[in-house]
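Novice: File name structure10.tsv; file contents TSV, C-alpha atoms; full text below.
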```
chain	number	residue	atom	x	y	z
A	1	MET	CA	-21.90	14.39	-6.04
A	2	THR	CA	-20.40	17.42	-4.36
A	3	TYR	CA	-17.77	17.23	-1.64
A	4	GLU	CA	-20.42	17.90	1.00
A	5	GLU	CA	-22.71	15.20	-0.40
A	6	VAL	CA	-19.92	12.62	-0.43
A	7	MET	CA	-18.99	13.41	3.16
A	8	GLU	CA	-22.63	13.16	4.24
A	9	HIS	CA	-22.95	9.81	2.49
A	10	LEU	CA	-19.78	8.54	4.17
A	11	ALA	CA	-21.21	9.53	7.54
A	12	GLU	CA	-24.37	7.55	6.76
A	13	LEU	CA	-22.39	4.48	5.66
A	14	GLY	CA	-20.11	4.45	8.70
A	15	SER	CA	-20.67	2.14	11.65
A	16	GLU	CA	-19.31	2.14	15.18
A	17	GLN	CA	-18.25	-1.50	14.87
A	18	THR	CA	-16.19	-0.89	11.73
A	19	LYS	CA	-14.75	2.25	13.27
A	20	LYS	CA	-13.67	0.32	16.36
A	21	THR	CA	-12.05	-2.31	14.15
A	22	PHE	CA	-10.10	0.32	12.21
A	23	LEU	CA	-9.02	2.04	15.41
A	24	ARG	CA	-7.67	-1.26	16.75
A	25	HIS	CA	-5.62	-1.53	13.56
A	26	GLY	CA	-4.12	1.93	14.09
A	27	ALA	CA	-6.54	4.29	12.37
A	28	GLN	CA	-6.57	7.88	13.53
A	29	GLU	CA	-9.57	10.18	14.00
A	30	PRO	CA	-11.48	11.55	12.22
A	31	LEU	CA	-13.21	8.63	10.50
A	32	TYR	CA	-16.73	7.25	10.20
A	33	GLY	CA	-15.84	3.58	9.88
A	34	VAL	CA	-16.92	2.79	6.32
A	35	LYS	CA	-16.21	-0.69	4.96
A	36	VAL	CA	-13.90	-0.77	1.93
A	37	GLY	CA	-16.58	-2.58	-0.07
A	38	ASP	CA	-18.96	0.33	0.52
A	39	LEU	CA	-16.26	2.83	-0.44
A	40	LYS	CA	-15.79	1.05	-3.77
A	41	LYS	CA	-19.47	1.58	-4.57
A	42	LEU	CA	-18.89	5.35	-4.36
A	43	VAL	CA	-15.97	5.40	-6.79
A	44	LYS	CA	-18.25	5.94	-9.80
A	45	TYR	CA	-19.43	9.22	-8.27
A	46	VAL	CA	-15.90	10.54	-7.74
A	47	LYS	CA	-13.74	8.93	-10.42
A	48	LYS	CA	-14.08	11.57	-13.13
A	49	ASP	CA	-13.69	14.51	-10.76
A	50	ARG	CA	-10.00	14.90	-9.93
A	51	GLU	CA	-10.52	18.03	-7.84
A	52	LEU	CA	-13.16	16.24	-5.75
A	53	ALA	CA	-10.79	13.35	-5.11
A	54	LEU	CA	-8.03	15.72	-4.04
A	55	ALA	CA	-10.44	17.57	-1.74
A	56	LEU	CA	-11.59	14.30	-0.16
A	57	TYR	CA	-8.00	13.36	0.61
A	58	ASP	CA	-7.27	16.76	2.08
A	59	SER	CA	-10.28	16.41	4.39
A	60	GLY	CA	-8.12	14.39	6.77
A	61	ASN	CA	-10.99	11.93	7.23
A	62	SER	CA	-9.61	8.40	6.83
A	63	ASP	CA	-12.64	7.08	4.94
A	64	ALA	CA	-12.60	9.99	2.52
A	65	MET	CA	-8.83	9.64	2.03
A	66	TYR	CA	-9.18	5.97	1.17
A	67	LEU	CA	-12.00	6.77	-1.26
A	68	ALA	CA	-9.80	9.38	-2.92
A	69	GLY	CA	-7.12	6.77	-3.53
A	70	LEU	CA	-9.65	4.42	-5.11
A	71	SER	CA	-10.98	7.18	-7.35
A	72	ILE	CA	-8.02	9.26	-8.54
A	73	ASP	CA	-6.30	8.66	-11.88
A	74	PRO	CA	-2.73	7.80	-10.78
A	75	LYS	CA	-1.29	9.12	-14.04
A	76	SER	CA	-2.71	12.56	-13.22
A	77	MET	CA	-0.81	12.79	-9.94
A	78	THR	CA	2.36	14.87	-9.81
A	79	LYS	CA	5.32	13.90	-7.71
A	80	GLU	CA	4.64	16.79	-5.33
A	81	GLU	CA	1.00	15.78	-4.92
A	82	LEU	CA	2.05	12.23	-4.07
A	83	LYS	CA	4.59	13.51	-1.56
A	84	HIS	CA	1.81	15.57	0.01
A	85	TRP	CA	-0.44	12.52	0.20
A	86	ALA	CA	2.31	10.46	1.81
A	87	LYS	CA	2.98	13.17	4.38
A	88	GLN	CA	-0.71	13.38	5.28
A	89	ALA	CA	-1.23	9.62	5.64
A	90	ASN	CA	-1.40	8.78	9.34
A	91	TRP	CA	-1.81	5.00	9.50
A	92	TYR	CA	-0.79	1.94	7.59
A	93	MET	CA	-3.93	1.44	5.47
A	94	LEU	CA	-3.28	4.84	3.95
A	95	THR	CA	0.49	4.51	3.55
A	96	GLU	CA	0.66	0.86	2.52
A	97	TYR	CA	-2.48	0.71	0.38
A	98	THR	CA	-3.90	4.10	-0.61
A	99	VAL	CA	-0.74	6.10	-1.25
A	100	ALA	CA	1.42	3.14	-2.24
A	101	GLY	CA	-1.11	1.90	-4.77
A	102	VAL	CA	-1.59	5.28	-6.42
A	103	ALA	CA	2.13	6.06	-6.37
A	104	ALA	CA	2.99	2.67	-7.90
A	105	GLU	CA	0.78	3.40	-10.92
A	106	SER	CA	2.08	6.95	-11.33
A	107	SER	CA	4.97	8.05	-13.53
A	108	SER	CA	7.05	8.75	-10.40
A	109	ALA	CA	6.81	5.28	-8.87
A	110	PRO	CA	10.45	4.12	-8.65
A	111	GLN	CA	11.82	7.53	-7.74
A	112	LEU	CA	9.38	8.02	-4.87
A	113	ALA	CA	9.74	4.44	-3.66
A	114	ARG	CA	13.54	4.83	-3.45
A	115	GLU	CA	13.21	8.07	-1.52
A	116	TRP	CA	10.53	6.89	0.89
A	117	LEU	CA	11.82	3.45	1.81
A	118	GLN	CA	15.03	4.93	3.21
A	119	SER	CA	13.13	7.44	5.35
A	120	SER	CA	13.66	7.76	9.10
A	121	ASP	CA	9.88	8.16	9.41
A	122	GLU	CA	8.36	4.70	9.96
A	123	LEU	CA	5.11	5.31	8.07
A	124	LEU	CA	6.91	6.90	5.14
A	125	ALA	CA	9.34	3.97	4.99
A	126	THR	CA	6.43	1.51	4.88
A	127	CYS	CA	4.95	3.56	2.07
A	128	GLY	CA	8.23	3.25	0.17
A	129	TRP	CA	8.52	-0.53	0.49
A	130	SER	CA	4.85	-0.97	-0.42
A	131	THR	CA	5.14	1.38	-3.39
A	132	TYR	CA	8.10	-0.54	-4.77
A	133	ALA	CA	6.40	-3.89	-4.17
A	134	ASN	CA	3.25	-2.72	-5.96
A	135	TYR	CA	5.36	-1.32	-8.80
A	136	VAL	CA	7.03	-4.71	-9.24
A	137	SER	CA	3.67	-6.47	-9.31
A	138	ILE	CA	2.34	-4.50	-12.32
A	139	THR	CA	5.47	-3.60	-14.30
A	140	PRO	CA	6.90	-5.83	-17.07
A	141	ASP	CA	10.15	-7.43	-15.91
A	142	GLU	CA	12.13	-5.88	-18.77
A	143	LYS	CA	11.25	-2.43	-17.46
A	144	LEU	CA	12.36	-3.13	-13.89
A	145	ASP	CA	15.76	-2.24	-12.45
A	146	LEU	CA	16.73	-5.81	-11.57
A	147	PRO	CA	20.13	-4.93	-9.99
A	148	GLU	CA	18.40	-2.40	-7.73
A	149	ILE	CA	15.73	-4.90	-6.68
A	150	THR	CA	18.45	-7.47	-6.00
A	151	ALA	CA	20.20	-4.93	-3.77
A	152	LEU	CA	16.95	-4.25	-1.92
A	153	LEU	CA	16.46	-7.98	-1.31
A	154	ALA	CA	19.96	-8.03	0.19
A	155	GLN	CA	19.08	-5.01	2.33
A	156	VAL	CA	16.01	-6.81	3.64
A	157	GLY	CA	18.12	-9.86	4.49
A	158	ARG	CA	20.64	-7.77	6.41
A	159	THR	CA	18.34	-5.40	8.28
A	160	ILE	CA	14.76	-6.64	8.56
A	161	HIS	CA	14.98	-7.99	12.10
A	162	SER	CA	16.43	-4.72	13.43
A	163	GLU	CA	13.99	-2.50	11.55
A	164	ARG	CA	10.99	-0.63	12.93
A	165	ASN	CA	7.83	-2.61	13.56
A	166	ARG	CA	5.65	-1.93	10.51
A	167	VAL	CA	8.69	-1.61	8.25
A	168	ARG	CA	9.44	-5.27	9.01
A	169	TYR	CA	5.98	-6.17	7.73
A	170	THR	CA	6.40	-4.30	4.44
A	171	MET	CA	9.93	-5.59	3.89
A	172	ASN	CA	8.61	-9.14	4.27
A	173	SER	CA	5.83	-8.31	1.80
A	174	PHE	CA	8.43	-6.92	-0.63
A	175	VAL	CA	10.27	-10.26	-0.64
A	176	ILE	CA	6.98	-12.08	-1.24
A	177	THR	CA	6.04	-9.74	-4.07
A	178	VAL	CA	9.38	-10.09	-5.86
A	179	GLY	CA	9.21	-13.87	-5.47
A	180	THR	CA	5.66	-13.91	-6.80
A	181	TYR	CA	5.70	-11.37	-9.65
A	182	CYS	CA	9.29	-10.93	-10.87
A	183	GLN	CA	10.29	-14.02	-12.86
A	184	PRO	CA	14.03	-13.23	-13.21
A	185	LEU	CA	14.46	-12.78	-9.43
A	186	ILE	CA	12.32	-15.59	-8.03
A	187	GLU	CA	15.31	-17.59	-6.82
A	188	GLN	CA	16.93	-14.53	-5.24
A	189	ALA	CA	13.65	-13.83	-3.46
A	190	ARG	CA	13.51	-17.43	-2.24
A	191	GLU	CA	17.03	-17.06	-0.84
A	192	ALA	CA	16.04	-13.84	0.93
A	193	ALA	CA	12.91	-15.53	2.30
A	194	ALA	CA	14.97	-18.41	3.67
A	195	GLN	CA	17.45	-15.96	5.19
A	196	ILE	CA	14.87	-13.87	7.04
A	197	GLY	CA	12.67	-16.77	8.17
A	198	LYS	CA	9.88	-15.84	10.56
A	199	VAL	CA	9.35	-12.10	10.93
A	200	SER	CA	7.90	-10.78	14.18
A	201	VAL	CA	5.55	-7.79	13.97
A	202	ASP	CA	3.37	-6.34	16.72
A	203	VAL	CA	-0.07	-6.13	15.11
A	204	GLY	CA	-1.78	-4.88	18.26
A	205	GLN	CA	-5.17	-6.18	19.33
A	206	THR	CA	-5.92	-7.81	15.98
A	207	ALA	CA	-5.94	-11.31	14.52
A	208	CYS	CA	-3.55	-10.35	11.71
A	209	LYS	CA	-0.56	-12.60	11.08
A	210	VAL	CA	2.71	-12.07	9.24
A	211	PRO	CA	2.99	-14.55	6.37
A	212	LEU	CA	6.13	-16.66	6.13
A	213	ALA	CA	7.64	-15.49	2.86
A	214	SER	CA	8.98	-18.87	1.75
A	215	GLU	CA	5.64	-20.59	2.33
A	216	TYR	CA	3.72	-17.85	0.55
A	217	ILE	CA	5.92	-18.04	-2.57
A	218	ASN	CA	5.59	-21.84	-2.60
A	219	LYS	CA	1.81	-21.54	-2.32
A	220	VAL	CA	1.63	-19.22	-5.33
A	221	GLU	CA	3.92	-21.56	-7.25
A	222	SER	CA	1.52	-24.45	-6.60
A	223	THR	CA	-1.19	-22.51	-8.44
A	224	GLY	CA	1.03	-21.96	-11.49
A	225	ARG	CA	0.84	-18.18	-11.19
A	226	LEU	CA	4.47	-17.27	-10.43
A	227	GLY	CA	5.51	-14.33	-12.58
A	228	THR	CA	1.98	-13.39	-13.63
A	229	LYS	CA	1.59	-9.61	-13.32
A	230	LYS	CA	-1.44	-7.83	-11.88
A	231	LYS	CA	-3.42	-5.36	-13.96
A	232	THR	CA	-3.76	-2.90	-11.08
A	233	CYS	CA	-2.56	-2.63	-7.52
A	234	ILE	CA	-5.26	-0.21	-6.36
A	235	CYS	CA	-7.73	-1.99	-4.11
```
With the file now loaded, output its structure as structure tokens.

Specialist:
Amino acid sequence: MTYEEVMEHLAELGSEQTKKTFLRHGAQEPLYGVKVGDLKKLVKYVKKDRELALALYDSGNSDAMYLAGLSIDPKSMTKEELKHWAKQANWYMLTEYTVAGVAAESSSAPQLAREWLQSSDELLATCGWSTYANYVSITPDEKLDLPEITALLAQVGRTIHSERNRVRYTMNSFVITVGTYCQPLIEQAREAAAQIGKVSVDVGQTACKVPLASEYINKVESTGRLGTKKKTCIC
């Protein structure tokens, strides 16, 4: 499929109801309102065409940008390309899922995560925390910088309740991810979860809820899956 054909197909797949839902969650125009499940069906038409994926992201259309993230080979992305993607992302589904997922599977994952999560820009900071969390979820423990992750858990404990709105959400998710996927730091994550307790996030006119980190880690433990890594974090 050409760029024009993909965009036409996205327009056909979009619905006003899905678009309204995305807008309530913070999406920015332009977008058609295509369900993620429908986007995944288009991946096979884009996956082997890197230039098409890059063009779709640069379209500025939220649906096309999300499709690009599902389709691109993360290992092919340069650090500068990922920085460009992060700068262009204009709502949390793009920063916390699209860019974070691709960045986490790239060769620049920890470096970019460190840079972004300390950013004064709220969306970029959420991208940083999500990138690091995703990186933890797929990377063998022996390859992780455990002292750095321990320091980040301490940072969350000290600052989460005074942080910006969506950053609080991703910090809470970071604690959950470490407690779920990083075997050597499960107890430290539990301590951080107990310290932060309930985290308040304004999720707008949606039914979304912020999970209690301690409860979430306990729930995963009950399934016997603590420390089991994911194969991919792109979804």

Novice: With a distance cut-off of 9 Å and all atoms listed in the file, select the neighbouring residues of His25 of chain A, excluding the residue or stretch itself and same-chain residues fewer than 6 positions from it, and output the selection as a list in words.

Specialist: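 Final neighbour list, sorted by chain and number: Trp91, Tyr92, Met93, Val203, Gly204, Gln205 and Thr206 of chain A.
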
Novice: May I have a table of the residues of segment 184-208 of chain A lying at most 7 Å from segment 146-160 of chain A, giving each one's closest pair of atoms and their distance in Å to one decimal, counting all atoms listed in the file, ordered by chain and ascending residue number, as JSON lines?

Specialist:
```
{"residue": "A:Ala189", "atom": "CA", "partner": "A:Leu153", "partner_atom": "CA", "distance": 6.8}
{"residue": "A:Ala192", "atom": "CA", "partner": "A:Gly157", "partner_atom": "CA", "distance": 5.7}
{"residue": "A:Gln195", "atom": "CA", "partner": "A:Gly157", "partner_atom": "CA", "distance": 6.2}
{"residue": "A:Ile196", "atom": "CA", "partner": "A:Gly157", "partner_atom": "CA", "distance": 5.8}
```

Novice: Can you tell me how far atom CA of Val46 of chain A sits from atom CA of Leu70 of chain A, in Å to one decimal?

Specialist: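 Atom CA of Leu70 of chain A lies at a distance of 9.1 Å from atom CA of Val46 of chain A.
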
Novice: Measuring between all atoms listed in the file, which one of A:Arg166, A:Leu56, A:Asp63, A:Tyr181 shows the shortest distance to Ser15 of chain A?

Specialist: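 Closest to Ser15 of chain A, using all atoms listed in the file: A:Asp63.
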
Novice: Of the residues A:Lys35, A:His9, A:Tyr3, A:Ser107, which is the one nearest to Tyr57 of chain A, using all atoms listed in the file?

Specialist: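 Smallest distance to Tyr57 of chain A is found for A:Tyr3.
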
Novice: Atom CA of Glu187 of chain A and atom CA of Ile217 of chain A are how many Å apart?

Specialist: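 Taking atom CA of Glu187 of chain A as the start and atom CA of Ile217 of chain A as the end point, the length is 10.3 Å.
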
Novice: Distance cut-off 9 Å, centre (-4.4, 13.0, -8.4) in file coordinates, counting all atoms listed in the file: which residues qualify? Return them as an MDAnalysis selection string.

Specialist: chainID A and resid 50:51 53:54 68:69 71:78 81:82 102

Novice: For Gln88 of chain A, which residue among A:Ala193, A:Leu124, A:Val175, A:Leu23 is the nearest when counting all atoms listed in the file?

Specialist: A:Leu124

Novice: For Arg225 of chain A, find every residue with an atom within 12 Å (counting all atoms listed in the file), except residues of its own chain fewer than 3 positions away, and show them as a ChimeraX atom specification.

Specialist: /A:179-183,217-222,228-230

Novice: Around the point (-12.6, 17.2, 7.2) (coordinates from the file), which residues reach within 12 Å if we count all atoms listed in the file? Answer as a list in words.

Specialist: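 Output: Tyr3, Glu4, Val6, Met7, Glu8, Leu10, Ala11, Glu29, Pro30, Leu31, Tyr32, Ala55, Leu56, Tyr57, Asp58, Ser59, Gly60, Asn61, Ser62, Asp63, Ala64 and Met65 of chain A.
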
Novice: State, in Å with one decimal place, the distance from atom CA of Lys198 of chain A to atom CA of Tyr216 of chain A.

Specialist: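 Answer for the atom CA of Lys198 of chain A to atom CA of Tyr216 of chain A separation: 11.9 Å.
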
Novice: Hey, which of A:Ser200, A:Gln28, A:Thr98, A:Thr131 ends up closest to Ala113 of chain A? Count all atoms listed in the file.

Specialist: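 So, comparing all the options, the nearest one is A:Thr131.
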
Novice: Considering all atoms listed in the file, can you say which of A:Tyr45, A:Lys79, A:Gly37, A:Arg24 comes closest to Glu5 of chain A?

Specialist: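 Comparing A:Tyr45, A:Lys79, A:Gly37, A:Arg24 against Glu5 of chain A, the winner is A:Tyr45.
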
Novice: Check the smallest atom-to-atom distance from each of A:Thr177, A:Pro184, A:Met1, A:Tyr97 to Asp141 of chain A using only C-alpha atoms, then report the winner.

Specialist: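 The shortest atom-to-atom distance to Asp141 of chain A comes from A:Pro184.
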
Novice: Please return the centre and edge lengths, in Å to one decimal, of a box with edges along x, y and z that contains all listed atoms of segment 81-91 of chain A, widened by 4 Å on every side, as JSON.

Specialist:
```
{"center_x": 1.4, "center_y": 10.4, "center_z": 2.3, "size_x": 14.4, "size_y": 18.8, "size_z": 22.4}
```
